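Participant: Below is the file query31.pdb, with PDB, C-alpha atoms.
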ATOM      1  CA  MET V   1      50.191  81.246  28.802
ATOM      2  CA  PRO V   2      47.038  83.140  27.682
ATOM      3  CA  VAL V   3      48.586  83.641  24.235
ATOM      4  CA  LEU V   4      49.511  79.954  23.932
ATOM      5  CA  ARG V   5      46.046  78.918  25.058
ATOM      6  CA  SER V   6      44.520  81.240  22.497
ATOM      7  CA  TYR V   7      46.643  79.843  19.667
ATOM      8  CA  LEU V   8      45.858  76.296  20.739
ATOM      9  CA  LEU V   9      42.125  76.959  20.752
ATOM     10  CA  VAL V  10      42.184  78.587  17.312
ATOM     11  CA  PHE V  11      44.288  75.759  15.876
ATOM     12  CA  LEU V  12      41.992  73.045  17.238
ATOM     13  CA  MET V  13      38.905  74.945  16.118
ATOM     14  CA  TYR V  14      40.034  75.152  12.493
ATOM     15  CA  PHE V  15      41.504  71.647  12.535
ATOM     16  CA  ALA V  16      38.148  70.286  13.693
ATOM     17  CA  MET V  17      36.411  72.372  11.019
ATOM     18  CA  ALA V  18      38.577  70.839   8.290
ATOM     19  CA  VAL V  19      38.166  67.257   9.507
ATOM     20  CA  MET V  20      34.449  67.485  10.234
ATOM     21  CA  GLY V  21      33.870  69.408   7.024
ATOM     22  CA  LEU V  22      35.317  66.569   4.967
ATOM     23  CA  VAL V  23      33.580  63.873   7.000
ATOM     24  CA  GLY V  24      30.280  65.705   6.690
ATOM     25  CA  ALA V  25      30.464  66.291   2.937
ATOM     26  CA  PRO V  26      27.692  63.730   2.233
ATOM     27  CA  VAL V  27      25.515  65.562   4.778
ATOM     28  CA  VAL V  28      25.850  68.799   2.800
ATOM     29  CA  LEU V  29      24.724  67.010  -0.354
ATOM     30  CA  TRP V  30      21.843  65.306   1.450
ATOM     31  CA  SER V  31      19.895  68.216   3.023
ATOM     32  CA  ASP V  32      20.177  71.735   4.422
ATOM     33  CA  ARG V  33      18.536  70.520   7.632
ATOM     34  CA  TRP V  34      21.276  67.975   8.319
ATOM     35  CA  THR V  35      23.904  70.502   7.272
ATOM     36  CA  ARG V  36      22.755  72.801  10.073
ATOM     37  CA  ARG V  37      22.756  69.915  12.561
ATOM     38  CA  TRP V  38      26.304  68.932  11.640
ATOM     39  CA  MET V  39      27.437  72.564  11.930
ATOM     40  CA  LYS V  40      25.958  72.729  15.419
ATOM     41  CA  VAL V  41      27.944  69.634  16.420
ATOM     42  CA  TRP V  42      31.131  71.486  15.429
ATOM     43  CA  ILE V  43      30.032  74.697  17.173
ATOM     44  CA  ARG V  44      29.348  72.880  20.436
ATOM     45  CA  LEU V  45      32.766  71.259  20.194
ATOM     46  CA  VAL V  46      34.277  74.748  19.857
ATOM     47  CA  PHE V  47      32.342  75.882  22.943
ATOM     48  CA  ARG V  48      33.660  72.918  24.925
ATOM     49  CA  LEU V  49      37.235  73.559  23.793
ATOM     50  CA  ALA V  50      36.912  77.238  24.728
ATOM     51  CA  ARG V  51      35.780  76.280  28.210
ATOM     52  CA  LEU V  52      38.473  73.636  28.736
ATOM     53  CA  ILE V  53      41.400  75.543  27.229
ATOM     54  CA  CYS V  54      40.614  79.183  27.993
ATOM     55  CA  GLY V  55      38.007  79.009  30.747
ATOM     56  CA  LEU V  56      35.550  80.795  28.451
ATOM     57  CA  ARG V  57      31.882  79.899  28.682
ATOM     58  CA  VAL V  58      28.988  81.011  26.502
ATOM     59  CA  GLU V  59      25.481  81.951  27.588
ATOM     60  CA  VAL V  60      22.257  82.854  25.810
ATOM     61  CA  ARG V  61      19.842  85.143  27.642
ATOM     62  CA  GLY V  62      16.301  86.170  26.843
ATOM     63  CA  PRO V  63      13.606  84.324  24.887
ATOM     64  CA  VAL V  64      15.050  82.598  21.813
ATOM     65  CA  PRO V  65      12.867  83.232  18.724
ATOM     66  CA  ARG V  66      11.535  80.038  17.183
ATOM     67  CA  GLY V  67       9.403  81.080  14.225
ATOM     68  CA  PRO V  68      10.028  83.265  11.160
ATOM     69  CA  VAL V  69      11.623  86.554  12.292
ATOM     70  CA  VAL V  70      14.360  88.974  11.363
ATOM     71  CA  VAL V  71      17.142  89.130  13.968
ATOM     72  CA  ALA V  72      19.243  92.306  14.175
ATOM     73  CA  GLY V  73      22.305  91.723  16.318
ATOM     74  CA  LYS V  74      25.471  93.341  17.543
ATOM     75  CA  HIS V  75      28.515  91.837  15.836
ATOM     76  CA  GLN V  76      31.809  91.926  17.731
ATOM     77  CA  SER V  77      33.604  88.732  16.719
ATOM     78  CA  MET V  78      33.200  85.307  15.183
ATOM     79  CA  LEU V  79      31.932  83.999  18.510
ATOM     80  CA  ASP V  80      28.586  85.811  18.380
ATOM     81  CA  VAL V  81      27.951  84.186  14.981
ATOM     82  CA  LEU V  82      28.529  80.745  16.491
ATOM     83  CA  ILE V  83      26.307  81.460  19.502
ATOM     84  CA  LEU V  84      23.437  82.728  17.353
ATOM     85  CA  PHE V  85      23.688  79.843  14.899
ATOM     86  CA  ASP V  86      23.617  77.326  17.736
ATOM     87  CA  ALA V  87      20.757  79.022  19.609
ATOM     88  CA  LEU V  88      18.404  79.649  16.682
ATOM     89  CA  PRO V  89      16.519  76.683  15.197
ATOM     90  CA  GLU V  90      16.990  77.722  11.558
ATOM     91  CA  ALA V  91      19.349  80.694  11.276
ATOM     92  CA  ARG V  92      19.995  82.184   7.830
ATOM     93  CA  PHE V  93      22.800  84.757   7.949
ATOM     94  CA  VAL V  94      23.396  87.655   5.610
ATOM     95  CA  MET V  95      27.183  87.545   5.251
ATOM     96  CA  LYS V  96      29.934  89.280   3.314
ATOM     97  CA  ARG V  97      30.914  87.848  -0.059
ATOM     98  CA  GLU V  98      34.489  86.975   0.965
ATOM     99  CA  LEU V  99      33.209  84.271   3.320
ATOM    100  CA  VAL V 100      31.751  82.320   0.407
ATOM    101  CA  TRP V 101      35.303  81.403  -0.606
ATOM    102  CA  ALA V 102      36.427  80.407   2.891
ATOM    103  CA  PRO V 103      37.409  76.709   2.828
ATOM    104  CA  VAL V 104      34.692  74.458   4.272
ATOM    105  CA  PHE V 105      32.940  77.313   6.109
ATOM    106  CA  GLY V 106      31.663  79.009   2.960
ATOM    107  CA  LEU V 107      30.171  75.852   1.488
ATOM    108  CA  TYR V 108      28.398  74.913   4.700
ATOM    109  CA  ALA V 109      27.106  78.459   5.297
ATOM    110  CA  ILE V 110      25.580  78.698   1.825
ATOM    111  CA  ARG V 111      24.136  75.188   2.072
ATOM    112  CA  ALA V 112      22.528  76.131   5.398
ATOM    113  CA  GLY V 113      20.651  78.967   3.690
ATOM    114  CA  SER V 114      22.889  82.000   4.229
ATOM    115  CA  ILE V 115      23.194  84.607   1.479
ATOM    116  CA  TRP V 116      26.154  86.791   0.545
ATOM    117  CA  ILE V 117      26.374  90.485  -0.264
ATOM    118  CA  GLU V 118      29.104  92.906  -1.309
ATOM    119  CA  ARG V 119      28.979  95.327   1.592
ATOM    120  CA  GLU V 120      30.426  98.413  -0.092
ATOM    121  CA  ARG V 121      28.621  98.060  -3.407
ATOM    122  CA  ARG V 122      25.982 100.686  -4.212
ATOM    123  CA  GLY V 123      22.468  99.293  -4.331
ATOM    124  CA  GLU V 124      23.419  96.178  -2.419
ATOM    125  CA  ALA V 125      20.435  96.593  -0.081
ATOM    126  CA  SER V 126      18.003  95.918  -2.937
ATOM    127  CA  THR V 127      20.154  92.999  -4.124
ATOM    128  CA  MET V 128      20.037  91.575  -0.606
ATOM    129  CA  MET V 129      16.239  91.756  -0.642
ATOM    130  CA  GLN V 130      16.047  89.911  -3.970
ATOM    131  CA  ARG V 131      18.295  87.136  -2.689
ATOM    132  CA  LEU V 132      16.332  86.836   0.526
ATOM    133  CA  GLN V 133      13.116  86.455  -1.462
ATOM    134  CA  LYS V 134      14.658  83.708  -3.584
ATOM    135  CA  ASN V 135      15.982  82.036  -0.443
ATOM    136  CA  HIS V 136      12.583  81.674   1.225
ATOM    137  CA  ALA V 137      13.060  84.451   3.769
ATOM    138  CA  ALA V 138       9.739  83.585   5.422
ATOM    139  CA  ARG V 139      11.366  80.379   6.699
ATOM    140  CA  GLY V 140      13.540  80.404   9.760
ATOM    141  CA  GLN V 141      15.346  83.334  11.319
ATOM    142  CA  VAL V 142      17.076  85.823   9.018
ATOM    143  CA  VAL V 143      20.100  87.212  10.892
ATOM    144  CA  ILE V 144      21.379  90.615   9.771
ATOM    145  CA  TYR V 145      24.139  92.605  11.458
ATOM    146  CA  PRO V 146      22.940  96.191  10.941
ATOM    147  CA  GLN V 147      26.406  97.694  11.337
ATOM    148  CA  GLY V 148      27.617  95.471   8.505
ATOM    149  CA  THR V 149      30.842  94.270  10.116
ATOM    150  CA  ARG V 150      32.502  93.366  13.397
ATOM    151  CA  VAL V 151      32.723  96.405  15.654
ATOM    152  CA  PRO V 152      35.100  96.097  18.637
ATOM    153  CA  PRO V 153      33.759  97.179  22.039
ATOM    154  CA  GLY V 154      34.157 100.899  22.587
ATOM    155  CA  GLU V 155      34.083 101.748  18.883
ATOM    156  CA  THR V 156      31.130 103.139  16.945
ATOM    157  CA  ARG V 157      29.846 102.508  13.456
ATOM    158  CA  PRO V 158      26.600 103.680  11.845
ATOM    159  CA  TYR V 159      23.607 101.373  11.592
ATOM    160  CA  ARG V 160      22.549 100.480   8.054
ATOM    161  CA  ARG V 161      19.001  99.964   6.839
ATOM    162  CA  GLY V 162      19.213  96.298   5.766
ATOM    163  CA  ALA V 163      17.482  94.837   8.825
ATOM    164  CA  ALA V 164      14.755  97.484   8.734
ATOM    165  CA  LEU V 165      14.169  96.845   5.012
ATOM    166  CA  ALA V 166      13.815  93.087   5.524
ATOM    167  CA  TYR V 167      11.497  93.695   8.496
ATOM    168  CA  ALA V 168       9.228  95.931   6.412
ATOM    169  CA  GLU V 169       9.358  93.861   3.207
ATOM    170  CA  PHE V 170       8.470  90.519   4.756
ATOM    171  CA  GLY V 171       6.171  91.761   7.519
ATOM    172  CA  LEU V 172       8.052  89.766  10.136
ATOM    173  CA  PRO V 173       8.784  90.676  13.772
ATOM    174  CA  LEU V 174      12.239  92.154  14.377
ATOM    175  CA  VAL V 175      14.147  90.622  17.287
ATOM    176  CA  LEU V 176      17.044  92.654  18.685
ATOM    177  CA  ALA V 177      20.156  91.018  20.133
ATOM    178  CA  ALA V 178      23.100  92.397  22.125
ATOM    179  CA  THR V 179      26.430  90.852  23.071
ATOM    180  CA  ASN V 180      29.693  91.277  24.963
ATOM    181  CA  VAL V 181      31.718  88.603  23.144
ATOM    182  CA  GLY V 182      34.232  91.144  21.848
ATOM    183  CA  TRP V 183      35.667  91.524  25.332
ATOM    184  CA  TYR V 184      36.503  87.817  25.470
ATOM    185  CA  TRP V 185      37.076  86.931  21.811
ATOM    186  CA  PRO V 186      38.264  90.146  20.142
ATOM    187  CA  LYS V 187      38.313  90.862  16.435
ATOM    188  CA  LYS V 188      42.103  90.886  16.718
ATOM    189  CA  GLY V 189      44.368  89.729  19.497
ATOM    190  CA  THR V 190      44.351  87.105  22.225
ATOM    191  CA  ILE V 191      41.247  85.237  23.332
ATOM    192  CA  ARG V 192      40.591  86.014  26.987
ATOM    193  CA  GLY V 193      39.180  83.418  29.369
ATOM    194  CA  GLY V 194      37.782  83.229  32.841
ATOM    195  CA  GLY V 195      34.362  84.610  32.049
ATOM    196  CA  THR V 196      31.095  84.217  30.192
ATOM    197  CA  ALA V 197      30.481  85.512  26.686
ATOM    198  CA  VAL V 198      26.820  86.446  26.386
ATOM    199  CA  VAL V 199      24.361  86.933  23.557
ATOM    200  CA  GLU V 200      21.105  88.389  24.874
ATOM    201  CA  PHE V 201      17.836  88.544  22.959
ATOM    202  CA  LEU V 202      16.107  91.817  23.730
ATOM    203  CA  GLU V 203      12.742  93.244  22.717
ATOM    204  CA  THR V 204      10.769  92.119  19.685
ATOM    205  CA  LEU V 205       9.430  94.893  17.470
ATOM    206  CA  PRO V 206       6.032  93.994  15.987
ATOM    207  CA  PRO V 207       5.442  94.328  12.241
ATOM    208  CA  GLY V 208       4.155  97.617  10.879
ATOM    209  CA  LEU V 209       6.311 100.227  12.639
ATOM    210  CA  HIS V 210       7.717 103.165  10.657
ATOM    211  CA  ARG V 211      11.272 102.626   9.454
ATOM    212  CA  ARG V 212      12.561 105.704  11.282
ATOM    213  CA  GLU V 213      11.194 104.404  14.584
ATOM    214  CA  VAL V 214      12.601 100.945  13.887
ATOM    215  CA  MET V 215      16.075 102.327  13.169
ATOM    216  CA  ALA V 216      16.079 104.458  16.329
ATOM    217  CA  ARG V 217      14.823 101.719  18.655
ATOM    218  CA  MET V 218      17.150  99.147  17.110
ATOM    219  CA  GLU V 219      20.284 101.226  17.672
ATOM    220  CA  GLN V 220      19.326 102.482  21.122
ATOM    221  CA  SER V 221      18.357  99.067  22.495
ATOM    222  CA  ILE V 222      21.270  97.110  21.032
ATOM    223  CA  GLU V 223      23.918  99.654  21.989
ATOM    224  CA  ALA V 224      22.621 100.183  25.541
ATOM    225  CA  ALA V 225      22.341  96.457  26.221
ATOM    226  CA  SER V 226      25.750  95.701  24.680
ATOM    227  CA  ASP V 227      27.317  98.421  26.846
ATOM    228  CA  ARG V 228      25.660  96.889  29.912
ATOM    229  CA  LEU V 229      26.946  93.430  29.040
ATOM    230  CA  GLY V 230      30.351  94.953  28.305
ATOM    231  CA  GLU V 231      30.563  96.413  31.797
ATOM    232  CA  GLU V 232      29.749  92.978  33.174
ATOM    233  CA  ALA V 233      32.593  91.460  31.130
ATOM    234  CA  LYS V 234      35.070  94.178  32.110
ATOM    235  CA  ALA V 235      34.334  93.625  35.788
ATOM    236  CA  ARG V 236      34.839  89.878  35.364
ATOM    237  CA  LEU V 237      38.128  90.397  33.509
ATOM    238  CA  GLY V 238      39.361  93.089  35.899
ATOM    239  CA  LEU V 239      39.635  95.702  33.149
TER     240      LEU V 239
END
Can you give me the file's structure in the form of structure tokens?

Facilitator:
Amino acid sequence: MPVLRSYLLVFLMYFAMAVMGLVGAPVVLWSDRWTRRWMKVWIRLVFRLARLICGLRVEVRGPVPRGPVVVAGKHQSMLDVLILFDALPEARFVMKRELVWAPVFGLYAIRAGSIWIERERRGEASTMMQRLQKNHAARGQVVIYPQGTRVPPGETRPYRRGAALAYAEFGLPLVLAATNVGWYWPKKGTIRGGGTAVVEFLETLPPGLHRREVMARMEQSIEAASDRLGEEAKARLGL
């Protein structure tokens, strides 16, 4: 049954994306503001389906940033992207290039102000900065996953400098965010229910700190908080 529920949820999620993406095409052409609103309608539908089909709820903890900031978050699955996009007033994600070509999703993400990068390309950090500048980085919340990809719980991957570079370049506060969504909605495998997937906003680093200090505090805070949330999820799931 858990496998069937998982497949059903994924099918309905992408079916709704296709239908709503076509219906909302005029919205995309009209404004980026209404594009984000329409995307949030779809995201909240996904949250409701997850609760009804799999018993999976979502929760946001900590103070949600409202003004221009850089958000550095833990990335464990697609679900943390949806939670952050729904929670933040004007999220602008730095995402991998392949997602630009994803049907419906890519068009809406770009129209909402996200930018793409080629993760493994040399010098991509400077290219990212140029694109952020052209994309009015001082507006909204720039979301960067410092590990560069989804990292399943229990695995490690080095932190890259992209979030610290954006923080220093634009003189914006850096908000750290942790999550445990990978325990419920893994990168691969069956979606688990009967619990609460959490994204938690942590400390906010003020502008002007040295990059070395920023990198150290970012990794320590995000990893410790994600481990804490992970233990909470494991206890709930009986793992």

Participant: Expanded to explicit residues, what is the PyMOL selection byres ((chain V and resi 222) around 10) for this file, as a ChimeraX atom specification?

Facilitator: /V:72-74,176-179,200-203,217-221,223-228

Participant: Can you list, as a list in words, the residues that the PyMOL selection byres ((chain V and resi 152) around 10) selects here?

Facilitator: His75, Gln76, Ser77, Thr149, Arg150, Val151, Pro153, Gly154, Glu155, Thr156, Arg157, Asn180, Val181, Gly182, Trp183, Trp185, Pro186, Lys187 and Lys188 of chain V

Participant: Please write as a PyMOL selection string the full residue list that the PyMOL selection byres ((chain V and resi 168) around 9) yields on this file.

Facilitator: chain V and resi 163-167+169-172+207-211

Participant: Considering all atoms listed in the file, return as an MDAnalysis selection string whatever protein or nucleic-acid residues lie within 9 Å of V:Ala16, sequence-local ones (same chain, fewer than 6 positions apart) excluded.

Facilitator: chainID V and resid 42 45:46

Participant: Can you pull out every residue within 9 Å of V:Cys54, counting all atoms listed in the file, but drop anything in the same chain fewer than 4 positions away, and send it as a list of chain:residue names?

Facilitator: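 The contact residues come out as V:Pro2, V:Arg5, V:Ser6, V:Leu9, V:Leu49, V:Ala50, V:Ile191, V:Arg192, V:Gly193, V:Gly194.
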
Participant: Which residues, protein or nucleic acid, reach to within 10 Å of (26.8, 77.2, 15.3) in the file's coordinates when using all atoms listed in the file, and can you give that as a short mmCIF file (atom, residue, chain, number, x, y, z; two decimals) with C-alpha atoms, keeping the file's coordinate frame?

Facilitator:
data_model
loop_
_atom_site.label_atom_id
_atom_site.label_comp_id
_atom_site.auth_asym_id
_atom_site.auth_seq_id
_atom_site.Cartn_x
_atom_site.Cartn_y
_atom_site.Cartn_z
CA ARG V 36 22.76 72.80 10.07
CA ARG V 37 22.76 69.92 12.56
CA TRP V 38 26.30 68.93 11.64
CA MET V 39 27.44 72.56 11.93
CA LYS V 40 25.96 72.73 15.42
CA VAL V 41 27.94 69.63 16.42
CA TRP V 42 31.13 71.49 15.43
CA ILE V 43 30.03 74.70 17.17
CA ARG V 44 29.35 72.88 20.44
CA LEU V 45 32.77 71.26 20.19
CA VAL V 46 34.28 74.75 19.86
CA PHE V 47 32.34 75.88 22.94
CA LEU V 79 31.93 84.00 18.51
CA ASP V 80 28.59 85.81 18.38
CA VAL V 81 27.95 84.19 14.98
CA LEU V 82 28.53 80.74 16.49
CA ILE V 83 26.31 81.46 19.50
CA LEU V 84 23.44 82.73 17.35
CA PHE V 85 23.69 79.84 14.90
CA ASP V 86 23.62 77.33 17.74
CA ALA V 87 20.76 79.02 19.61
CA LEU V 88 18.40 79.65 16.68
CA ALA V 91 19.35 80.69 11.28
#

Participant: Have a look at atom CA of V:Gly230 and atom CA of V:Glu59 and let me know their distance in Å, one decimal.

Facilitator: 13.9 Å

Participant: Distance atom CA of V:Met17-atom CA of V:Met78, one decimal place?

Facilitator: 14.0 Å

Participant: List as a PDB file with C-alpha atoms, in the coordinates of the input the residues having at least one atom at most 8 Å from position (19.4, 84.5, 9.6) as given in the file, counting all atoms listed in the file.

Facilitator:
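To be explicit, this is the file written out as result.pdb:
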ATOM      1  CA  VAL V  70      14.360  88.974  11.363  1.00  0.00           C
ATOM      2  CA  VAL V  71      17.142  89.130  13.968  1.00  0.00           C
ATOM      3  CA  GLU V  90      16.990  77.722  11.558  1.00  0.00           C
ATOM      4  CA  ALA V  91      19.349  80.694  11.276  1.00  0.00           C
ATOM      5  CA  ARG V  92      19.995  82.184   7.830  1.00  0.00           C
ATOM      6  CA  PHE V  93      22.800  84.757   7.949  1.00  0.00           C
ATOM      7  CA  VAL V  94      23.396  87.655   5.610  1.00  0.00           C
ATOM      8  CA  SER V 114      22.889  82.000   4.229  1.00  0.00           C
ATOM      9  CA  GLY V 140      13.540  80.404   9.760  1.00  0.00           C
ATOM     10  CA  GLN V 141      15.346  83.334  11.319  1.00  0.00           C
ATOM     11  CA  VAL V 142      17.076  85.823   9.018  1.00  0.00           C
ATOM     12  CA  VAL V 143      20.100  87.212  10.892  1.00  0.00           C
ATOM     13  CA  ILE V 144      21.379  90.615   9.771  1.00  0.00           C
TER      14      ILE V 144
END

Participant: Expressed in Å to a single decimal, how great is the separation between atom CA of V:Leu22 and atom CA of V:Arg111?

Facilitator: 14.4 Å

Participant: Counting all atoms listed in the file, which residue out of V:Gly21, V:Thr190, V:Pro206, V:Tyr7 sits closest to V:Val104?

Facilitator: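 Comparing V:Gly21, V:Thr190, V:Pro206, V:Tyr7 against V:Val104, the winner is V:Gly21.
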
Participant: Just checking: using all atoms listed in the file, which residue out of V:Leu205, V:Val175, V:Ala216, V:Val198 ends up closest to V:Leu229?

Facilitator: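 Smallest distance to V:Leu229 is found for V:Val198.
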
Participant: Using all atoms listed in the file, find the one residue out of V:Val19, V:Leu8, V:Ile110, V:Ala25 that sits nearest to V:Ile53.

Facilitator: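 Distance minimum relative to V:Ile53 lands on V:Leu8.
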
Participant: Which one is closest to V:Asp32: V:Val69, V:Val64, V:Met13, V:Ala109? Count all atoms listed in the file.

Facilitator: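 Once distances to V:Asp32 are computed over all atoms listed in the file, the minimum belongs to V:Ala109.
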
Participant: Counting all atoms listed in the file, figure out which residue out of V:Val214, V:Pro89, V:Gly195, V:Pro68 gets nearest to V:Gly238.

Facilitator: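 Looking at the shortest contact to V:Gly238, the residue is V:Gly195.
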
Participant: Rank nothing, just name the residue among V:Arg161, V:Lys234, V:Arg57, V:Arg139 nearest to V:Ala197, using all atoms listed in the file.

Facilitator: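 Once distances to V:Ala197 are computed over all atoms listed in the file, the minimum belongs to V:Arg57.
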
Participant: Starting from the block above, write stretch 22-45 of chain V out to a file with N, CA and C atoms, as an mmCIF file, in the first residue's frame, please.

Facilitator:
data_model
loop_
_atom_site.group_PDB
_atom_site.id
_atom_site.type_symbol
_atom_site.label_atom_id
_atom_site.label_comp_id
_atom_site.auth_asym_id
_atom_site.auth_seq_id
_atom_site.Cartn_x
_atom_site.Cartn_y
_atom_site.Cartn_z
ATOM 1 N N LEU V 22 -1.053 24.471 -18.286
ATOM 2 C CA LEU V 22 -1.708 24.910 -19.527
ATOM 3 C C LEU V 22 -2.769 25.969 -19.247
ATOM 4 N N VAL V 23 -3.576 25.732 -18.207
ATOM 5 C CA VAL V 23 -4.622 26.692 -17.867
ATOM 6 C C VAL V 23 -4.018 28.045 -17.497
ATOM 7 N N GLY V 24 -2.879 27.997 -16.824
ATOM 8 C CA GLY V 24 -2.259 29.232 -16.349
ATOM 9 C C GLY V 24 -1.315 29.893 -17.326
ATOM 10 N N ALA V 25 -1.257 29.409 -18.555
ATOM 11 C CA ALA V 25 -0.339 29.997 -19.540
ATOM 12 C C ALA V 25 -0.516 31.509 -19.688
ATOM 13 N N PRO V 26 -1.751 32.021 -19.763
ATOM 14 C CA PRO V 26 -1.913 33.485 -19.849
ATOM 15 C C PRO V 26 -1.349 34.217 -18.634
ATOM 16 N N VAL V 27 -1.376 33.553 -17.466
ATOM 17 C CA VAL V 27 -0.828 34.164 -16.253
ATOM 18 C C VAL V 27 0.670 34.382 -16.406
ATOM 19 N N VAL V 28 1.364 33.373 -16.976
ATOM 20 C CA VAL V 28 2.802 33.477 -17.173
ATOM 21 C C VAL V 28 3.134 34.663 -18.077
ATOM 22 N N LEU V 29 2.339 34.864 -19.109
ATOM 23 C CA LEU V 29 2.567 35.964 -20.033
ATOM 24 C C LEU V 29 2.223 37.316 -19.407
ATOM 25 N N TRP V 30 1.319 37.300 -18.428
ATOM 26 C CA TRP V 30 0.844 38.555 -17.849
ATOM 27 C C TRP V 30 1.855 39.158 -16.879
ATOM 28 N N SER V 31 2.313 38.418 -15.861
ATOM 29 C CA SER V 31 3.236 38.992 -14.879
ATOM 30 C C SER V 31 3.925 37.906 -14.071
ATOM 31 N N ASP V 32 5.134 38.219 -13.591
ATOM 32 C CA ASP V 32 5.855 37.273 -12.733
ATOM 33 C C ASP V 32 5.163 37.148 -11.378
ATOM 34 N N ARG V 33 4.535 38.211 -10.921
ATOM 35 C CA ARG V 33 3.825 38.179 -9.645
ATOM 36 C C ARG V 33 2.693 37.176 -9.674
ATOM 37 N N TRP V 34 1.879 37.194 -10.729
ATOM 38 C CA TRP V 34 0.771 36.248 -10.828
ATOM 39 C C TRP V 34 1.262 34.843 -11.142
ATOM 40 N N THR V 35 2.407 34.740 -11.790
ATOM 41 C CA THR V 35 3.001 33.417 -12.011
ATOM 42 C C THR V 35 3.303 32.747 -10.682
ATOM 43 N N ARG V 36 3.928 33.506 -9.759
ATOM 44 C CA ARG V 36 4.233 32.948 -8.445
ATOM 45 C C ARG V 36 2.957 32.571 -7.693
ATOM 46 N N ARG V 37 1.931 33.382 -7.797
ATOM 47 C CA ARG V 37 0.670 33.074 -7.104
ATOM 48 C C ARG V 37 0.046 31.785 -7.643
ATOM 49 N N TRP V 38 0.082 31.623 -8.957
ATOM 50 C CA TRP V 38 -0.500 30.418 -9.550
ATOM 51 C C TRP V 38 0.312 29.182 -9.163
ATOM 52 N N MET V 39 1.646 29.332 -9.093
ATOM 53 C CA MET V 39 2.492 28.221 -8.668
ATOM 54 C C MET V 39 2.180 27.818 -7.229
ATOM 55 N N LYS V 40 1.896 28.798 -6.387
ATOM 56 C CA LYS V 40 1.583 28.485 -4.996
ATOM 57 C C LYS V 40 0.242 27.771 -4.861
ATOM 58 N N VAL V 41 -0.690 28.058 -5.774
ATOM 59 C CA VAL V 41 -1.958 27.311 -5.776
ATOM 60 C C VAL V 41 -1.680 25.840 -6.035
ATOM 61 N N TRP V 42 -0.811 25.555 -7.020
ATOM 62 C CA TRP V 42 -0.460 24.158 -7.320
ATOM 63 C C TRP V 42 0.278 23.513 -6.151
ATOM 64 N N ILE V 43 1.218 24.232 -5.547
ATOM 65 C CA ILE V 43 1.992 23.682 -4.434
ATOM 66 C C ILE V 43 1.075 23.322 -3.265
ATOM 67 N N ARG V 44 0.125 24.176 -2.964
ATOM 68 C CA ARG V 44 -0.773 23.883 -1.840
ATOM 69 C C ARG V 44 -1.704 22.716 -2.148
ATOM 70 N N LEU V 45 -2.016 22.527 -3.430
ATOM 71 C CA LEU V 45 -2.757 21.336 -3.827
ATOM 72 C C LEU V 45 -1.913 20.090 -3.590
#
